[in-house]
>>> print(open('entry_26.txt').read())   # compact mmCIF, C-alpha atoms and all ligand atoms
# COMPACT_ATOMS: atom_id res chain seq x y z
CA MET O 1 31.75 57.72 11.04
CA ARG O 2 32.66 55.64 14.06
CA MET O 3 30.16 53.47 15.95
CA VAL O 4 31.70 54.42 19.29
CA ASP O 5 30.86 58.09 18.65
CA LEU O 6 27.32 57.18 17.65
CA ILE O 7 26.81 55.17 20.85
CA ALA O 8 28.03 58.18 22.84
CA LYS O 9 25.70 60.46 20.91
CA LYS O 10 22.64 58.43 21.95
CA ARG O 11 23.99 57.95 25.48
CA ASP O 12 24.11 61.75 25.78
CA GLY O 13 20.56 62.13 24.48
CA HIS O 14 21.15 63.62 21.02
CA GLU O 15 19.19 62.99 17.85
CA TYR O 16 20.72 61.04 14.94
CA THR O 17 20.64 62.09 11.30
CA ALA O 18 19.16 59.69 8.73
CA GLU O 19 22.67 58.99 7.46
CA GLU O 20 23.88 57.98 10.91
CA ILE O 21 20.97 55.58 11.34
CA ARG O 22 21.64 53.99 7.96
CA PHE O 23 25.31 53.60 8.93
CA ILE O 24 24.32 51.71 12.10
CA VAL O 25 21.80 49.41 10.40
CA GLN O 26 24.00 48.65 7.39
CA GLY O 27 27.07 48.13 9.56
CA TYR O 28 25.27 45.72 11.85
CA THR O 29 23.74 43.79 8.95
CA ASP O 30 27.07 43.38 7.09
CA GLY O 31 28.95 42.48 10.28
CA SER O 32 31.25 45.52 10.40
CA ILE O 33 29.61 46.62 13.66
CA PRO O 34 30.06 43.87 16.26
CA ASP O 35 27.41 42.60 18.69
CA TYR O 36 29.07 44.26 21.70
CA GLN O 37 28.76 47.73 20.19
CA MET O 38 25.23 47.07 19.01
CA SER O 39 24.30 45.85 22.51
CA ALA O 40 25.57 49.08 24.05
CA TRP O 41 23.65 51.00 21.40
CA ALA O 42 20.40 49.11 22.08
CA MET O 43 20.74 49.83 25.80
CA ALA O 44 21.36 53.53 25.11
CA VAL O 45 18.17 53.54 22.99
CA LEU O 46 16.27 51.78 25.77
CA PHE O 47 17.21 54.51 28.23
CA ARG O 48 17.19 57.56 25.96
CA GLY O 49 14.44 56.62 23.52
CA MET O 50 14.23 57.83 19.94
CA THR O 51 12.43 60.74 18.34
CA PRO O 52 9.64 59.94 15.83
CA PHE O 53 12.03 61.01 13.06
CA GLU O 54 14.73 58.59 14.24
CA THR O 55 12.22 55.74 14.67
CA GLY O 56 10.91 56.27 11.14
CA GLU O 57 14.42 56.31 9.67
CA LEU O 58 15.37 53.19 11.64
CA THR O 59 12.30 51.41 10.27
CA LEU O 60 13.09 52.36 6.68
CA ALA O 61 16.73 51.33 7.06
CA MET O 62 15.72 47.94 8.48
CA ALA O 63 13.09 47.43 5.77
CA ALA O 64 15.78 48.15 3.17
CA SER O 65 18.28 45.73 4.74
CA GLY O 66 17.01 42.75 2.68
CA ASP O 67 14.41 41.76 0.08
CA GLN O 68 11.47 44.09 -0.40
CA PHE O 69 8.26 42.75 -1.86
CA ASP O 70 6.62 44.67 -4.64
CA LEU O 71 2.90 43.94 -4.65
CA SER O 72 2.11 46.43 -7.42
CA SER O 73 1.25 43.62 -9.86
CA ILE O 74 -1.77 42.89 -7.66
CA PRO O 75 -4.53 45.40 -8.41
CA GLY O 76 -6.07 47.39 -5.56
CA VAL O 77 -4.92 48.64 -2.17
CA LYS O 78 -3.09 45.87 -0.32
CA VAL O 79 -4.00 46.00 3.35
CA ASP O 80 -2.02 43.93 5.84
CA LYS O 81 -2.87 43.00 9.40
CA HIS O 82 -0.49 42.26 12.23
CA SER O 83 -1.00 41.13 15.81
CA THR O 84 1.61 41.78 18.48
CA GLY O 85 0.94 38.23 19.70
CA GLY O 86 -1.49 36.59 22.06
CA VAL O 87 -2.97 33.35 23.36
CA GLY O 88 -5.73 31.76 21.26
CA ASP O 89 -5.25 34.54 18.73
CA LYS O 90 -6.48 32.95 15.53
CA THR O 91 -7.78 36.28 14.18
CA THR O 92 -5.73 36.12 10.97
CA LEU O 93 -7.32 32.77 10.07
CA VAL O 94 -10.70 34.50 10.18
CA VAL O 95 -9.87 38.01 8.97
CA ALA O 96 -7.75 37.10 5.94
CA PRO O 97 -10.44 35.03 4.10
CA LEU O 98 -13.21 37.31 5.35
CA VAL O 99 -11.61 40.48 3.98
CA ALA O 100 -10.52 38.72 0.77
CA SER O 101 -14.10 37.51 0.24
CA ALA O 102 -15.16 41.17 0.30
CA GLY O 103 -12.76 42.02 -2.53
CA ILE O 104 -9.67 43.36 -0.75
CA PRO O 105 -6.56 41.39 -1.77
CA VAL O 106 -4.72 39.87 1.19
CA ALA O 107 -1.07 38.94 0.60
CA LYS O 108 0.02 37.93 4.05
CA MET O 109 3.29 36.69 5.46
CA SER O 110 2.90 35.27 8.94
CA GLY O 111 5.12 33.83 11.61
CA ARG O 112 5.41 30.73 13.76
CA GLY O 113 4.72 30.58 17.49
CA LEU O 114 6.94 32.59 19.79
CA GLY O 115 7.17 31.82 23.51
CA HIS O 116 3.70 31.28 24.94
CA SER O 117 1.90 32.82 21.95
CA GLY O 118 0.97 30.79 18.88
CA GLY O 119 1.71 31.54 15.22
CA THR O 120 -0.56 31.45 12.16
CA ILE O 121 1.87 29.39 10.11
CA ASP O 122 1.97 26.55 12.65
CA LYS O 123 -1.82 26.61 12.85
CA LEU O 124 -2.25 26.35 9.08
CA GLU O 125 0.09 23.36 9.00
CA SER O 126 -2.51 21.38 10.93
CA ILE O 127 -4.46 21.18 7.66
CA ALA O 128 -3.15 18.08 5.85
CA GLY O 129 -0.94 18.97 2.89
CA PHE O 130 -1.10 22.74 3.41
CA GLN O 131 2.04 24.41 2.01
CA VAL O 132 3.20 27.49 3.89
CA GLU O 133 6.32 27.87 1.77
CA ARG O 134 5.74 29.58 -1.53
CA ASN O 135 8.25 31.34 -3.71
CA ARG O 136 7.70 34.97 -4.57
CA GLU O 137 6.06 34.28 -7.96
CA GLN O 138 3.72 31.57 -6.63
CA PHE O 139 2.71 33.86 -3.79
CA LEU O 140 1.93 36.82 -6.04
CA GLN O 141 0.18 34.64 -8.63
CA GLN O 142 -2.08 33.13 -5.99
CA VAL O 143 -3.13 36.57 -4.75
CA ARG O 144 -3.79 37.67 -8.34
CA ASP O 145 -5.85 34.50 -8.93
CA ILE O 146 -7.93 34.24 -5.77
CA GLY O 147 -7.18 37.42 -3.82
CA LEU O 148 -5.66 35.58 -0.86
CA ALA O 149 -2.45 33.88 0.27
CA VAL O 150 -1.06 33.32 3.75
CA VAL O 151 2.53 32.09 3.70
CA GLY O 152 5.61 31.92 5.93
CA GLN O 153 8.16 34.70 5.58
CA THR O 154 9.95 34.08 2.33
CA GLY O 155 13.35 35.21 1.15
CA ASN O 156 15.70 37.42 3.02
CA LEU O 157 13.18 39.73 4.67
CA THR O 158 14.59 42.37 7.10
CA PRO O 159 17.84 40.59 8.07
CA ALA O 160 18.75 43.63 10.21
CA ASP O 161 15.66 42.99 12.35
CA LYS O 162 16.37 39.28 12.55
CA LYS O 163 19.86 39.97 13.94
CA LEU O 164 18.85 42.83 16.19
CA TYR O 165 15.83 40.97 17.58
CA ALA O 166 18.01 38.00 18.57
CA LEU O 167 20.49 40.38 20.21
CA ARG O 168 17.76 42.27 22.11
CA ASP O 169 16.39 38.98 23.35
CA VAL O 170 19.62 38.27 25.25
CA THR O 171 20.61 41.82 26.29
CA ALA O 172 17.41 42.84 28.14
CA THR O 173 16.54 45.42 25.48
CA VAL O 174 13.43 43.87 23.93
CA GLU O 175 11.21 46.36 25.77
CA ALA O 176 12.52 49.52 24.04
CA VAL O 177 9.40 50.91 22.32
CA PRO O 178 11.21 52.41 19.27
CA LEU O 179 12.89 49.03 18.73
CA ILE O 180 9.62 47.05 18.97
CA ALA O 181 7.79 49.55 16.73
CA SER O 182 10.51 49.60 14.07
CA SER O 183 10.89 45.81 14.21
CA ILE O 184 7.19 45.24 13.48
CA MET O 185 6.75 48.05 10.97
CA SER O 186 9.93 47.25 9.01
CA LYS O 187 8.60 43.74 8.31
CA LYS O 188 5.21 45.10 7.19
CA ILE O 189 6.85 47.67 4.93
CA ALA O 190 9.28 45.16 3.40
CA SER O 191 6.40 42.79 2.71
CA GLY O 192 4.80 45.45 0.55
CA ALA O 193 1.62 46.53 2.34
CA ASP O 194 0.01 49.82 1.25
CA ALA O 195 -1.95 50.08 4.50
CA ILE O 196 -1.68 48.28 7.83
CA VAL O 197 -4.09 47.40 10.65
CA LEU O 198 -2.22 46.55 13.84
CA ASP O 199 -3.81 44.52 16.60
CA VAL O 200 -1.94 45.63 19.71
CA LYS O 201 -2.69 43.16 22.48
CA VAL O 202 -2.97 44.41 26.05
CA GLY O 203 -2.88 42.40 29.25
CA LYS O 204 -1.41 39.43 31.10
CA GLY O 205 -0.91 37.32 27.97
CA ALA O 206 0.64 40.16 25.91
CA PHE O 207 3.87 42.12 25.58
CA MET O 208 2.17 45.30 26.74
CA LYS O 209 0.65 44.72 30.14
CA ASN O 210 -1.53 47.85 30.37
CA VAL O 211 -3.38 50.25 28.11
CA GLU O 212 -0.94 53.13 28.72
CA GLU O 213 2.07 51.07 27.54
CA ALA O 214 0.11 49.75 24.58
CA GLU O 215 -0.91 53.27 23.59
CA VAL O 216 2.71 54.40 23.51
CA LEU O 217 3.63 51.49 21.22
CA ALA O 218 0.55 51.96 19.03
CA GLU O 219 1.22 55.67 18.62
CA ALA O 220 4.86 55.00 17.72
CA MET O 221 3.78 52.55 14.99
CA VAL O 222 1.02 54.79 13.62
CA SER O 223 3.52 57.66 13.51
CA ILE O 224 6.01 55.50 11.56
CA GLY O 225 3.22 54.60 9.12
CA ARG O 226 2.41 58.29 8.63
CA GLN O 227 6.07 59.12 8.08
CA VAL O 228 6.62 56.44 5.47
CA GLY O 229 3.35 56.98 3.64
CA ARG O 230 1.51 53.79 4.72
CA GLN O 231 -1.84 54.41 6.34
CA THR O 232 -1.73 52.65 9.69
CA VAL O 233 -4.44 52.03 12.27
CA ALA O 234 -3.90 50.36 15.65
CA VAL O 235 -6.65 48.49 17.49
CA LEU O 236 -5.88 47.95 21.19
CA SER O 237 -7.54 44.69 22.22
CA ASP O 238 -7.73 42.69 25.43
CA MET O 239 -5.38 39.79 26.11
CA ASN O 240 -6.07 39.23 29.80
CA GLN O 241 -7.87 36.02 28.91
CA PRO O 242 -7.37 33.89 25.78
CA LEU O 243 -9.25 35.00 22.68
CA GLY O 244 -12.16 32.68 21.92
CA PHE O 245 -12.22 29.26 23.58
CA ALA O 246 -9.56 27.25 21.74
CA VAL O 247 -5.80 27.35 22.32
CA GLY O 248 -3.62 24.99 20.26
CA ASN O 249 -3.03 24.68 16.53
CA ALA O 250 -5.69 22.35 15.08
CA LEU O 251 -8.16 23.38 17.80
CA GLU O 252 -7.77 27.00 16.72
CA VAL O 253 -8.22 26.18 13.04
CA LYS O 254 -11.46 24.44 13.96
CA GLU O 255 -12.67 27.50 15.88
CA ALA O 256 -11.67 29.82 13.02
CA ILE O 257 -13.69 27.75 10.53
CA GLU O 258 -16.69 27.80 12.87
CA THR O 259 -16.31 31.58 13.13
CA LEU O 260 -16.21 31.96 9.35
CA ARG O 261 -19.42 29.93 9.29
CA GLY O 262 -21.03 32.38 11.73
CA HIS O 263 -20.91 30.14 14.79
CA GLY O 264 -17.76 31.44 16.45
CA PRO O 265 -17.17 32.83 19.93
CA GLU O 266 -18.48 36.34 20.52
CA ASP O 267 -15.09 37.96 21.25
CA LEU O 268 -13.29 36.45 18.26
CA THR O 269 -16.16 37.39 15.94
CA GLU O 270 -16.22 40.94 17.30
CA LEU O 271 -12.46 41.41 16.92
CA ALA O 272 -12.45 39.96 13.41
CA LEU O 273 -15.28 42.29 12.37
CA THR O 274 -13.55 45.32 13.93
CA ILE O 275 -10.21 44.63 12.25
CA GLY O 276 -11.81 43.48 9.00
CA ALA O 277 -14.02 46.58 8.75
CA ARG O 278 -10.99 48.85 9.17
CA MET O 279 -9.19 46.92 6.44
CA LEU O 280 -12.13 47.49 4.06
CA VAL O 281 -12.15 51.20 4.89
CA LEU O 282 -8.37 51.52 4.38
CA GLY O 283 -8.75 49.54 1.17
CA GLY O 284 -11.16 52.20 -0.07
CA LEU O 285 -14.20 49.91 -0.30
CA PHE O 286 -16.29 51.73 2.30
CA ALA O 287 -16.28 55.21 3.80
CA ASP O 288 -17.08 54.07 7.33
CA ASP O 289 -16.78 51.10 9.65
CA THR O 290 -20.53 50.57 10.10
CA ALA O 291 -21.22 49.87 6.43
CA ALA O 292 -18.04 47.76 6.16
CA ARG O 293 -19.07 45.66 9.15
CA GLU O 294 -22.50 44.97 7.73
CA HIS O 295 -20.88 43.88 4.49
CA LEU O 296 -18.57 41.49 6.33
CA LYS O 297 -21.46 40.02 8.34
CA GLU O 298 -23.26 39.39 5.09
CA ARG O 299 -20.16 37.63 3.66
CA ILE O 300 -20.19 35.30 6.66
CA ALA O 301 -23.94 34.67 6.48
CA SER O 302 -23.83 33.93 2.73
CA GLY O 303 -20.98 31.42 3.15
CA GLN O 304 -18.63 33.41 0.91
CA ALA O 305 -16.11 33.97 3.70
CA VAL O 306 -15.64 30.26 4.41
CA GLU O 307 -15.58 29.56 0.65
CA LYS O 308 -12.60 31.91 0.35
CA LEU O 309 -10.78 29.88 2.99
CA ARG O 310 -11.56 26.72 1.02
CA GLU O 311 -10.07 28.31 -2.12
CA MET O 312 -6.91 29.25 -0.26
CA ILE O 313 -6.48 25.76 1.21
CA GLN O 314 -6.89 24.25 -2.25
CA ALA O 315 -4.47 26.72 -3.83
CA GLN O 316 -1.83 25.92 -1.21
CA GLY O 317 -2.14 22.16 -1.62
CA GLY O 318 -4.16 21.43 1.52
CA ASP O 319 -7.09 19.09 2.03
CA ALA O 320 -9.97 21.55 1.60
CA ARG O 321 -12.56 18.98 2.73
CA VAL O 322 -11.61 20.08 6.24
CA VAL O 323 -13.88 23.10 5.79
CA ASP O 324 -16.92 20.78 5.79
CA ASP O 325 -15.54 18.05 8.00
CA LEU O 326 -13.65 19.33 11.04
CA ASP O 327 -12.92 15.74 12.07
CA LEU O 328 -10.25 15.67 9.36
CA LEU O 329 -8.06 17.86 11.60
CA PRO O 330 -5.56 16.07 13.85
CA ALA O 331 -7.13 15.10 17.18
CA ALA O 332 -5.43 14.27 20.49
CA ARG O 333 -5.74 10.86 22.13
CA ILE O 334 -6.74 12.12 25.59
CA GLN O 335 -9.44 14.61 26.49
CA HIS O 336 -9.49 15.55 30.12
CA GLY O 337 -11.91 17.98 31.83
CA ILE O 338 -10.67 20.44 34.47
CA LYS O 339 -13.36 20.90 37.12
CA ALA O 340 -14.23 23.94 39.22
CA LYS O 341 -13.29 23.47 42.88
CA ARG O 342 -16.04 25.85 44.01
CA ALA O 343 -19.14 27.58 42.69
CA GLY O 344 -19.10 31.27 41.75
CA PHE O 345 -18.15 33.64 38.96
CA ILE O 346 -14.99 33.37 36.88
CA THR O 347 -12.98 36.50 37.65
CA LYS O 348 -9.69 35.61 35.96
CA ILE O 349 -8.30 33.26 33.30
CA ASP O 350 -4.59 34.08 33.14
CA ALA O 351 -3.80 34.03 29.41
CA GLU O 352 -0.07 33.67 29.99
CA LYS O 353 -0.55 30.55 32.11
CA ILE O 354 -2.92 29.04 29.56
CA GLY O 355 -0.34 29.80 26.87
CA HIS O 356 2.41 28.12 28.93
CA ALA O 357 0.17 25.12 29.57
CA SER O 358 -0.41 24.71 25.86
CA VAL O 359 3.37 24.83 25.24
CA GLU O 360 3.80 22.19 27.97
CA LEU O 361 1.31 19.98 26.15
CA GLY O 362 3.51 20.27 23.06
CA ALA O 363 1.56 22.88 21.05
CA GLY O 364 4.50 25.31 21.15
CA ARG O 365 8.27 25.02 21.02
CA MET O 366 10.55 24.71 24.03
CA THR O 367 13.58 25.24 21.76
CA LYS O 368 13.90 27.05 18.45
CA ASP O 369 13.51 24.16 16.02
CA ALA O 370 11.65 21.62 18.13
CA PRO O 371 8.74 19.83 16.46
CA ILE O 372 5.25 20.63 17.74
CA ASP O 373 2.16 18.54 18.30
CA LEU O 374 -0.57 20.09 16.17
CA ALA O 375 -3.44 18.22 17.87
CA VAL O 376 -2.96 19.22 21.50
CA GLY O 377 -4.20 22.24 23.41
CA ILE O 378 -6.94 23.54 25.63
CA VAL O 379 -10.57 24.36 24.99
CA LEU O 380 -12.10 26.66 27.56
CA ARG O 381 -15.69 26.04 28.53
CA LYS O 382 -15.98 29.23 30.56
CA LYS O 383 -14.83 32.82 30.14
CA ILE O 384 -14.51 35.72 32.58
CA GLY O 385 -17.90 36.71 34.00
CA ASP O 386 -19.48 33.25 33.52
CA ARG O 387 -21.12 31.46 36.45
CA VAL O 388 -19.92 27.97 37.39
CA ASP O 389 -21.14 25.31 39.72
CA ARG O 390 -18.78 23.22 41.80
CA ASP O 391 -17.36 20.35 39.70
CA GLU O 392 -18.53 21.94 36.48
CA THR O 393 -15.97 21.72 33.64
CA LEU O 394 -13.86 24.87 33.23
CA ALA O 395 -11.76 23.64 30.34
CA VAL O 396 -10.98 20.48 28.39
CA VAL O 397 -7.33 19.56 27.91
CA HIS O 398 -6.45 17.77 24.65
CA ALA O 399 -3.23 15.80 25.23
CA ASN O 400 -1.19 12.98 23.76
CA ASP O 401 0.97 12.28 26.81
CA GLU O 402 -0.04 11.67 30.44
CA HIS O 403 3.01 13.44 31.94
CA MET O 404 2.52 16.51 29.85
CA LEU O 405 -1.17 16.49 30.76
CA ALA O 406 -0.36 16.37 34.48
CA SER O 407 1.92 19.41 34.41
CA ALA O 408 -0.39 21.38 32.11
CA GLN O 409 -3.34 20.58 34.35
CA LYS O 410 -1.69 22.27 37.35
CA GLU O 411 -0.94 25.38 35.32
CA ILE O 412 -4.50 25.55 33.94
CA GLU O 413 -6.05 25.13 37.38
CA SER O 414 -3.94 27.97 38.70
CA ALA O 415 -4.97 30.20 35.77
CA PHE O 416 -8.60 30.31 36.90
CA GLU O 417 -9.92 32.45 39.74
CA ILE O 418 -13.48 32.01 40.99
CA SER O 419 -15.23 34.45 43.31
CA THR O 420 -18.71 35.03 44.70
CA GLU O 421 -18.64 38.55 43.18
CA ASN O 422 -19.57 38.98 39.54
CA PRO O 423 -16.63 40.91 38.00
CA ASP O 424 -17.10 44.05 35.91
CA LYS O 425 -17.16 43.14 32.26
CA LYS O 426 -13.90 44.26 30.62
CA SER O 427 -13.93 45.73 27.16
CA LEU O 428 -12.56 43.64 24.31
CA ILE O 429 -11.55 46.71 22.29
CA TYR O 430 -9.94 49.41 24.40
CA LYS O 431 -9.18 51.96 21.76
CA ILE O 432 -8.55 52.54 18.07
CA ILE O 433 -5.65 54.85 17.19
N1 LIG T 1 7.30 41.50 17.51
C1 LIG T 1 8.27 41.82 16.64
O1 LIG T 1 8.20 41.46 15.48
N2 LIG T 1 9.31 42.56 17.07
C2 LIG T 1 9.42 43.01 18.33
O2 LIG T 1 10.38 43.68 18.66
C3 LIG T 1 8.40 42.65 19.24
C4 LIG T 1 7.35 41.90 18.80
>>> encode(input="entry_26.txt", output="structure tokens", more="lines below")
Ligand code: URA
Amino acid sequence: MRMVDLIAKKRDGHEYTAEEIRFIVQGYTDGSIPDYQMSAWAMAVLFRGMTPFETGELTLAMAASGDQFDLSSIPGVKVDKHSTGGVGDKTTLVVAPLVASAGIPVAKMSGRGLGHSGGTIDKLESIAGFQVERNREQFLQQVRDIGLAVVGQTGNLTPADKKLYALRDVTATVEAVPLIASSIMSKKIASGADAIVLDVKVGKGAFMKNVEEAEVLAEAMVSIGRQVGRQTVAVLSDMNQPLGFAVGNALEVKEAIETLRGHGPEDLTELALTIGARMLVLGGLFADDTAAREHLKERIASGQAVEKLREMIQAQGGDARVVDDLDLLPAARIQHGIKAKRAGFITKIDAEKIGHASVELGAGRMTKDAPIDLAVGIVLRKKIGDRVDRDETLAVVHANDEHMLASAQKEIESAFEISTENPDKKSLIYKII
């Protein structure tokens, strides 16, 4: 087999065999296929697309390119959850302990922030002492012991995806749906999930800007799941405004703890219950979402959900007193209110701009390995549809540096739109596939 012939085959719109796909993935991983050929290939895929069969085979080949986690020593159906990335998206911090408190084991590998969207692993590190690095045995043992672990990606997971993702990033081929779908699903499959709930974000602050695009991606991922024997459900949820009120690592941990205590923002609570209920159904605990939801609400009300978080923090070496005393989280030196310039209704809070502002404050990375400031961020006081008076506070900026505050402030001000017309209320959940 020659790579040049395989590039031509896709360029001319033909379907690959499984063997040809394995040849491409193995060759790229071991270095025998160079970047320039793989770039041409990725562009051919972007233009020509891939059939569901090809996408499934690509996913399996990428999942098999490195370590594969075997979770079979943990009893029960292991259900994973994945978000395509958003602003203020602390759903995993709520859903993982919530679902685990209901008896479904959660063995989760999460990522760090990427661009303007935050990452669960960075957020967890705002808890003093919390260890995100666990070896395979520690990780599995913790899930066997307490039913819950959230760690950074360990080992050599999907090296083919790591290489291809970096290449796509600089060859304008990130947007190819089969490549996004196989990238996400290969990581979930390699990390050993039996069933997967995907939170596909839609809107200004997300990869997929409208429901139609998000549906195409969701259907591609659900189809891969079907093909490889992992039950997969995709929830399409809104990312036109940040989720909840808090954006920034420690600020989001605080909001997640409040949500687990039953005092969280309405949208975050609703999304966590929707995703969590599906996880309980896929895990075989309930036949339908309604009963599963009621069970989860009861876990929150009884305090068992937040207790599960406390157990996880303790097991991973963190200061679990934070669950009762949110003041133990890192706090920024400056708190500055952003005021409304006119009275009216909030019609827009551009999630992407809020995400950028939080990176400017230091909550995200400007370069790959830059350190981040866990304390800084933004706490919204208003959401879309709320009424404001002139000079009322729209958001509070938490900063540690005056210059960073000044540039973030401009970005935050421009993220808000205020009108005399009350906007139509947008759905939080667009669709479940
Ligand atoms: N997230 C991923 O993991 N991969 C993609 O290609 C896009 C988003």
>>> atom_distance(input="entry_26.txt", atom1="CA of Pro97 (chain O)", atom2="CA of Ala272 (chain O)")
10.7 Å
>>> closest_residue(input="entry_26.txt", among="O:Thr55, O:Gln231, O:Ser117, O:Gln409", to="Ala363 (chain O)", atoms="only C-alpha atoms")
O:Ser117
>>> residues_around(input="entry_26.txt", residues="Asp145 (chain O)", least_positions_apart="2", cutoff="12 Å", atoms="all atoms listed in the file", output="list of chain:residue names")
O:Ser73, O:Ile74, O:Pro75, O:Ala100, O:Pro105, O:Val106, O:Ala107, O:Glu137, O:Gln138, O:Phe139, O:Leu140, O:Gln141, O:Gln142, O:Val143, O:Gly147, O:Leu148, O:Ala149, O:Lys308, O:Glu311, O:Met312, O:Ala315
>>> atom_distance(input="entry_26.txt", atom1="atom N1 of ligand LIG 1 (chain T)", atom2="CA of Ile104 (chain O)")
25.0 Å
>>> residues_around(input="entry_26.txt", residues="region 266-268 of chain O", least_positions_apart="3", cutoff="8 Å", atoms="all atoms listed in the file", output="JSON, numbers by chain")
{"O": [91, 243, 244, 259, 271, 272, 428]}
>>> residues_near_ligand(input="entry_26.txt", ligand="ligand LIG 1 (chain T)", cutoff="8 Å", atoms="all atoms listed in the file", output="PDB file with C-alpha atoms, keeping the file's coordinate frame")
ATOM      1  CA  THR O  84       1.610  41.780  18.480  1.00  0.00           C
ATOM      2  CA  GLY O  85       0.940  38.230  19.700  1.00  0.00           C
ATOM      3  CA  ASP O 161      15.660  42.990  12.350  1.00  0.00           C
ATOM      4  CA  TYR O 165      15.830  40.970  17.580  1.00  0.00           C
ATOM      5  CA  VAL O 174      13.430  43.870  23.930  1.00  0.00           C
ATOM      6  CA  GLU O 175      11.210  46.360  25.770  1.00  0.00           C
ATOM      7  CA  LEU O 179      12.890  49.030  18.730  1.00  0.00           C
ATOM      8  CA  ILE O 180       9.620  47.050  18.970  1.00  0.00           C
ATOM      9  CA  ALA O 181       7.790  49.550  16.730  1.00  0.00           C
ATOM     10  CA  SER O 182      10.510  49.600  14.070  1.00  0.00           C
ATOM     11  CA  SER O 183      10.890  45.810  14.210  1.00  0.00           C
ATOM     12  CA  ILE O 184       7.190  45.240  13.480  1.00  0.00           C
ATOM     13  CA  LYS O 187       8.600  43.740   8.310  1.00  0.00           C
ATOM     14  CA  PHE O 207       3.870  42.120  25.580  1.00  0.00           C
TER      15      PHE O 207
END
>>> residues_around(input="entry_26.txt", residues="Val379 (chain O)", least_positions_apart="6", cutoff="8 Å", atoms="all atoms listed in the file", output="list in words")
Phe245, Ala246, Val247, Leu251, Ala395, Val396, Val397 and His398 of chain O
>>> write_last_selection(input="entry_26.txt", atoms="C-alpha atoms", output="CSV table (one decimal), keeping the file's coordinate frame")
chain,number,residue,atom,x,y,z
O,245,PHE,CA,-12.2,29.3,23.6
O,246,ALA,CA,-9.6,27.2,21.7
O,247,VAL,CA,-5.8,27.4,22.3
O,251,LEU,CA,-8.2,23.4,17.8
O,395,ALA,CA,-11.8,23.6,30.3
O,396,VAL,CA,-11.0,20.5,28.4
O,397,VAL,CA,-7.3,19.6,27.9
O,398,HIS,CA,-6.4,17.8,24.6
>>> residues_around(input="entry_26.txt", residues="Lys162 (chain O)", least_positions_apart="6", cutoff="12 Å", atoms="all atoms listed in the file", output="ChimeraX atom specification")
/O:25,28-29,62-63,65-66,153,156,168-169,182-184,186-187
>>> atom_distance(input="entry_26.txt", atom1="CA of Ser237 (chain O)", atom2="CA of Leu217 (chain O)")
13.1 Å
>>> closest_residue(input="entry_26.txt", among="O:Pro159, O:Pro330, O:Gly88, O:Gly103", to="Gln304 (chain O)", atoms="only C-alpha atoms")
O:Gly103
>>> closest_residue(input="entry_26.txt", among="O:Ser427, O:Ser407, O:Thr120, O:Asn240", to="Ala351 (chain O)", atoms="only C-alpha atoms")
O:Asn240
